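Shown next, in structure tokens, is the structure this report addresses.
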Amino acid sequence: MIGFIGKLLIDVAFLCAILSAVGYFLYSQKDEERYFRISNWLFGIQGLLLLAAGGLLLYLVLTHQFNYYYVFEYTSRDLQFKYLISAFWGGQEGSFMLWMLLATVVSFGLMKWTRKPYRGPVLFFMALSQIFLFTMIAGIHLGDFTLGASPFRSLADAMPNAPFLQANPNFVPQDGKGLNDLLKSPWMVIHPPILFFGFSMMTVPYCFAMAALWKRKYNEWIDPVLPWTLGANIALLTAIFLGGYWAYVTLSFGGYWAWDPVENAAFVPWLLGTAGIHMMVVQRKKSAPSKASIFFAILAYIGIVYETFLTRSGILADSSVHSFVDLGLYGQLVVFMAVISIIGLGMFIYRYKDMPEQKDRLSLMSREFMTFSGAMVLFLIGLIIALGTSSPIIGRLFVDNPTPPEVSFYNSWTMPLAMIAALLTVLGQYIFWKRQDPESLARELTWPVAATCVISLATIMIGGIHNIYYMLYILTAWFALIGNGVIMVRLAMKNPKVIGGALTHVGFGILLLGILASSAYNSNLLDQATKSYNQAIDQGKVTDDQGFKKTQKVNFLELKLNQPKIINNKYKVTYEGYTLKNQARPGQQQYRIKFEPADGEGEQFVMNPQVYPMLSASTSQNIQWSVDPDVRSGLFSDIYMYVSGSSYVERKNNELKKQNKRAKTQPASATQADTSKTQKIKLNKGQTASVADFNIHFLDYSPVDSSNLQDSTIVAVRAKLEVTPRGSDTSTRIDPLFSVYNKDGENWSYAPPVQIPGHEGGSIQFSSVDPSSGQIELTIRGVDKKVKDQWVLLVAQEKPFISIVWLGTFILMAGFSVSIFRHWDRERKKS
Amino acid sequence: MKPKLILGIVAIVGFTSLLMYNFGNSISTYTNFKKASNMESAHVVGTWEKSKDYGFSMKTKQFTFYMKDQDGNIRRVIYPKQKPNNFEQAKRLVVIGKMQNGVFYANDMLMKCPSKYNSVDTSQFKKNNATKS
């Protein structure tokens with residue numbers, strides 16, 4: 001029933017969106033106010049219906065109605081409230097709805113603030129984009145074809161061939177599949193809404209550009225569009241930052257950026273949007289129209305739709321760690337992209353002749369030329385990344401079954417372009433604010449250049465940088481930072497409102513420095529032996545059994561319990577054990593890795609990487625372990641580590657394997673201990689013995705409640721034992737009994753074995769006691785005789801200046817924000 | 001204007017061809033073990049051969065297993081990292097590295113899992129779509 005209502009709401013909203021688009025079109029053509037009013041109402045109703053549908057979906061999620069596919073697929077009963085909420089945008093269908101809701105909010109803003117003659121066409125294109133998004137979630141059956149995947153479809157609708165549904169069509173699963181543990185992060189709760197807010201706002205420049213072309217008013221659209229474009233940029237940047245930060249602290253690939261298609265999907269539109277902003281700013285300054293700003297405004301939105309297509313059509317399924325599966329939206333996404341591109345670029349070409357020509361010739365020293373060059377560089381970077389991301393499609397030109405490009409493709413192309421961009425930011429800013437000829441520019445730049453050289457040299461020397469390419473890169477990055485810094489200070493003294501651009505460019509310089517330091521200079525924390533081994537590999541001295549050269553290095557740090565290792569002559573690192581207490585996830589171990597300064601001077605700290613069973617993927621036969629890295633952030637460097645393996649995990653896996661085997665072969669004897677593994681140990685009071693993975697500590701004797709014993713019992717005593725898995729801080733008390741009773745004139749002993757806590761199949765029997773010395777004898781069965789090492793296998797890295805990457809990003813955001821306020825302020829005064 | 005235009009076109013054509021040339025070089029094709037033996041960095045697609053031993057050795061710090069490529073060739077694969085979390089669940093493996101003496105040394109490994117991001121069992125979906133279309 002709710003499903004039906006939900007579908008109905010979406011269908012009616014869809015209809016409203018179509019009608020409002022028609023209304024906006026008529027308004028744009030005939031300029032009659034009533035069309036505008038009616039369309040606004042229709043679009044508003046569309047928003048309300050969509051909101052109601054969203055509320056219904058949320059209700060289904062919160063009430064765990066697993067007969068709905070979406071609820072079954074993305075949630076489960078054990079999810080916390082915040083993750084149930086975020087499940088709304090956890091799947092493809094819901095995230096489209098979120099995108100549309102936010103686009104509706106943006107449209108309300110446009111209705112309120114956009115002036116004539118643009119508002120009709122602008123809202124028409126907003127509605128058009130909304131219509132396309134509706135087709136993704138409509139779920140309307142047209143014969144054999146289904147238009148979009150409805151979030152309200154039932155399990156039976158979604159997978160009619162599933163065996164459990166064929167057996168019983170009304171089957172409702174007890175629980176859903178749940179949310180991937182890796183996504184259970186507060187960062188991932190807020191990341192998608194911000195991203196889709198960015199997507200919605202990035203639609204606005206496209207709409208305005210189309211409005212400008214439609215109404216043939218090529219200049220005045222710049223003022224209202226700037227704040228929107230800047231807003232879209234900040235939103236995308238924030239989303240990218242959140243994604244990168246999440247990846248860094250949650251995933252185990254050890255970085256914030258991996259050129260993954262999903263990351264690129266947000267980055268390319270950001271670059272195109274930023275290119276657009278540059279052209280808009282210079283157009284506004286000159287108050288003469290420019291074709292480039294229209295072009296980039298169109299392109300930025302095409303970029304968004306194209307990357308949406310790449311990530312959601314299933315085309316990247318092989319090359320990305322996290323792209324969506326195909327929901328049968330491939331065709332619709334292609335149509336969406338084609339229509340947006342053909343209308344956009346078609347209009348652009350159609351009006352190309354009509355757009356005014358550049359009047360004065362572009363000179364090399366003009367701010368137009370400099371800014372245009374900057375925008376072109378951003379555009380090229382975007383193009384290259386888009387090309388790399390498109391490898392499953394464009395790669396077919398070269399090979400049959402293309403793989404994604406090597407990471408070096410992205411790096412080797414973007415790095416020189418970023419260096420050029422860094423130089424251009426300074427030249428551009430110096431020319432932007434004051435007309436310059438080469439001589440005056442050279443004069444003004446003398447000091448910044450001198451300072452850049454000195455500081456770069458210092459950086460190169462202190463950092464021990466030997467790569468000439470990196471040296472040049474550092475030079476350009478410092479130049480961007482210092483050159484723009486000088487401008488910024490000068491501007492701030494006159495009018496602090498206008499420093500947005502300079503501040504952004506300062507952030508860019510800082511970001512460049514941070515990116516190089518954190519990616520090219522991160523090093524694995526290894527002990528001396530491993531280092532020597534890796535050196536030998538480098539020199540080609542290591543061979544395998546057959547005399548072939550080995551080429552793979554070892555990047556693990558293995559630590560034995562309480563046996564410190566000296567790392568890099570800097571740290572003394574000790575594995576101090578693990579705990580299972582107070583953990584956020586069931587079955588999670590938190591390890592204690594202590595870092596002390598190697599020379600004894602200075603601060604010591606403990607890192608706590610975690611390992612946990614991934615609930616969504618584990619079964620009773622097989623545990624899927626997942627890791628949660630720990631990052632210790634510092635001003636100069638971060639230490640990043642995760643646990644790649646441990647004796648605890650190995651023991652658990654082995655126990656499970658044994659259990660499975662026993663369950664298969666001889667279920668009857670499951671409780672019987674393996675007799676080949678029997679050992680006897682003797683303990684005095686207060687003593688501790690190590691057995692396999694355990695320590696057994698003999699505390700004391702304890703009195704025996706004789707009422708439970710046979711009448712003929714002569715002696716009865718219990719031993720208070722404390723059993724601790726070595727390395728763990730949790731111990732369990734057991735009190736095995738030893739008794740002697742008399743039967744038919746003979747003495748018999750009665751000493752039942754007690755199961756070792758947390759050790760399937762192992763038992764301890766209090767088998768004898770020496771009355772004179774008080775020494776007890778324990779018989780231990782089902783446990784390996786050898787005392788086992790307790791160890792942890794770490795991947796640990798030192799990453800310099802990640803903090804600088806974050807700082808650069810924040811300054812970029814701050815710079816864009818300052819610009820928003822400036823342009824928004826001006827806009828508000830006008831209206 | 002003319003020389004400028006020509007210069008511009010030359011620049012664009014030069015840049016584009018260099019870019020495409022480099023792009024073409026940096027991608028390769030998914031291949032099998034036999035063809036991989038004369039490649040520096042090969043992407044081999046296949047499935048885990050469950051009948052043979054596998055596991056991570058604490059001594060060599062390597063994860064070893066056998067993989068059957070799409071043409072049925074079975075080779076030993078050595079991966080210098082821990083066994084990936086979802087290794088056993090993976091329907092398909094992509095190993096990236098090079099062949100040496102009949103052993104594939106993988107520097108990277110991708111797993112194609114039935115439940116990526118806990119999403120649908122794609123096989124069910126394919127069936128579904130097939131019946132509809």
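By convention here, the chains of the structure tokens are called A, B, ... in the order presented, each chain's residues are numbered starting at 1, and ligands are numbered starting at 1 in the order presented.
Taking only C-alpha atoms, the non-local environment of segment 450-461 of chain A within 7 Å (same-chain residues fewer than 4 positions away omitted) comprises A:Thr446, A:Ile465, A:Met471, A:Ile474, A:Leu475, A:Trp478, A:Phe479, A:Ile482.
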All strand (DSSP E) residues (DSSP, backbone) inside chain B, as a PyMOL selection string: chain B and resi 30-31+42-48+55-57+62-69+74-79+92-100+103-112
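Within 6 Å of Gln62 of chain B, once only C-alpha atoms are used and residues closer than 4 positions along the same chain are dropped, the contacting residues are B:Phe56, B:Ser57, B:Tyr79, B:Pro80, B:Lys81.
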Expected answer as an MDAnalysis selection string: chain A residues within 8 Å of chain B, only C-alpha atoms: chainID A and resid 73:74 144:145 158:162 177:180 318 322 324:325 328 384 388 391 395 398:406 408:409 548 552:554 556 616 624:626 644:645
Backbone DSSP call of helix (DSSP H, G or I) for chain B, listed as a ChimeraX atom specification: /B:2-26,33-36,116-118,122-132
Residues of the last selection are to be written out with C-alpha atoms, as a PDB file, in the first residue's frame.
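The resulting file, result06.pdb, is reproduced below:
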ATOM      1  CA  LYS B   2      46.720  33.369 -40.103  1.00  0.00           C
ATOM      2  CA  PRO B   3      50.061  32.273 -38.641  1.00  0.00           C
ATOM      3  CA  LYS B   4      48.512  32.431 -35.192  1.00  0.00           C
ATOM      4  CA  LEU B   5      45.669  30.209 -36.251  1.00  0.00           C
ATOM      5  CA  ILE B   6      48.045  27.684 -37.770  1.00  0.00           C
ATOM      6  CA  LEU B   7      50.175  27.768 -34.648  1.00  0.00           C
ATOM      7  CA  GLY B   8      47.094  27.182 -32.547  1.00  0.00           C
ATOM      8  CA  ILE B   9      45.962  24.259 -34.642  1.00  0.00           C
ATOM      9  CA  VAL B  10      49.428  22.728 -34.588  1.00  0.00           C
ATOM     10  CA  ALA B  11      49.537  23.124 -30.814  1.00  0.00           C
ATOM     11  CA  ILE B  12      46.138  21.524 -30.344  1.00  0.00           C
ATOM     12  CA  VAL B  13      46.868  18.657 -32.708  1.00  0.00           C
ATOM     13  CA  GLY B  14      50.294  18.107 -31.142  1.00  0.00           C
ATOM     14  CA  PHE B  15      48.908  18.146 -27.616  1.00  0.00           C
ATOM     15  CA  THR B  16      46.028  15.870 -28.445  1.00  0.00           C
ATOM     16  CA  SER B  17      48.140  13.306 -30.248  1.00  0.00           C
ATOM     17  CA  LEU B  18      50.723  13.266 -27.471  1.00  0.00           C
ATOM     18  CA  LEU B  19      47.950  12.871 -24.906  1.00  0.00           C
ATOM     19  CA  MET B  20      46.235  10.094 -26.791  1.00  0.00           C
ATOM     20  CA  TYR B  21      49.525   8.359 -27.490  1.00  0.00           C
ATOM     21  CA  ASN B  22      50.401   8.387 -23.825  1.00  0.00           C
ATOM     22  CA  PHE B  23      46.896   7.378 -22.842  1.00  0.00           C
ATOM     23  CA  GLY B  24      47.048   4.451 -25.248  1.00  0.00           C
ATOM     24  CA  ASN B  25      50.307   3.365 -23.687  1.00  0.00           C
ATOM     25  CA  SER B  26      49.120   3.639 -20.134  1.00  0.00           C
ATOM     26  CA  PHE B  33      48.608 -16.063 -18.077  1.00  0.00           C
ATOM     27  CA  LYS B  34      50.087 -17.314 -21.326  1.00  0.00           C
ATOM     28  CA  LYS B  35      50.132 -13.929 -22.982  1.00  0.00           C
ATOM     29  CA  ALA B  36      51.207 -12.256 -19.750  1.00  0.00           C
ATOM     30  CA  LYS B 116      29.907  -4.511  -3.862  1.00  0.00           C
ATOM     31  CA  TYR B 117      28.605  -1.855  -1.585  1.00  0.00           C
ATOM     32  CA  ASN B 118      26.088  -4.441  -0.530  1.00  0.00           C
ATOM     33  CA  THR B 122      24.095  -9.000 -10.348  1.00  0.00           C
ATOM     34  CA  SER B 123      23.393 -12.458 -11.668  1.00  0.00           C
ATOM     35  CA  GLN B 124      19.841 -12.196 -10.431  1.00  0.00           C
ATOM     36  CA  PHE B 125      19.584  -8.868 -12.117  1.00  0.00           C
ATOM     37  CA  LYS B 126      20.855 -10.039 -15.400  1.00  0.00           C
ATOM     38  CA  LYS B 127      18.332 -12.811 -15.370  1.00  0.00           C
ATOM     39  CA  ASN B 128      15.670 -10.315 -14.503  1.00  0.00           C
ATOM     40  CA  ASN B 129      16.561  -7.990 -17.327  1.00  0.00           C
ATOM     41  CA  ALA B 130      16.865 -10.822 -19.750  1.00  0.00           C
ATOM     42  CA  THR B 131      13.376 -12.015 -19.088  1.00  0.00           C
ATOM     43  CA  LYS B 132      11.964  -8.558 -19.426  1.00  0.00           C
TER      44      LYS B 132
END
Between atom CA of Ala386 of chain A and atom CA of Val268 of chain A, distance in Å (one decimal):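 About the pair atom CA of Ala386 of chain A and atom CA of Val268 of chain A: they are 6.6 Å apart.
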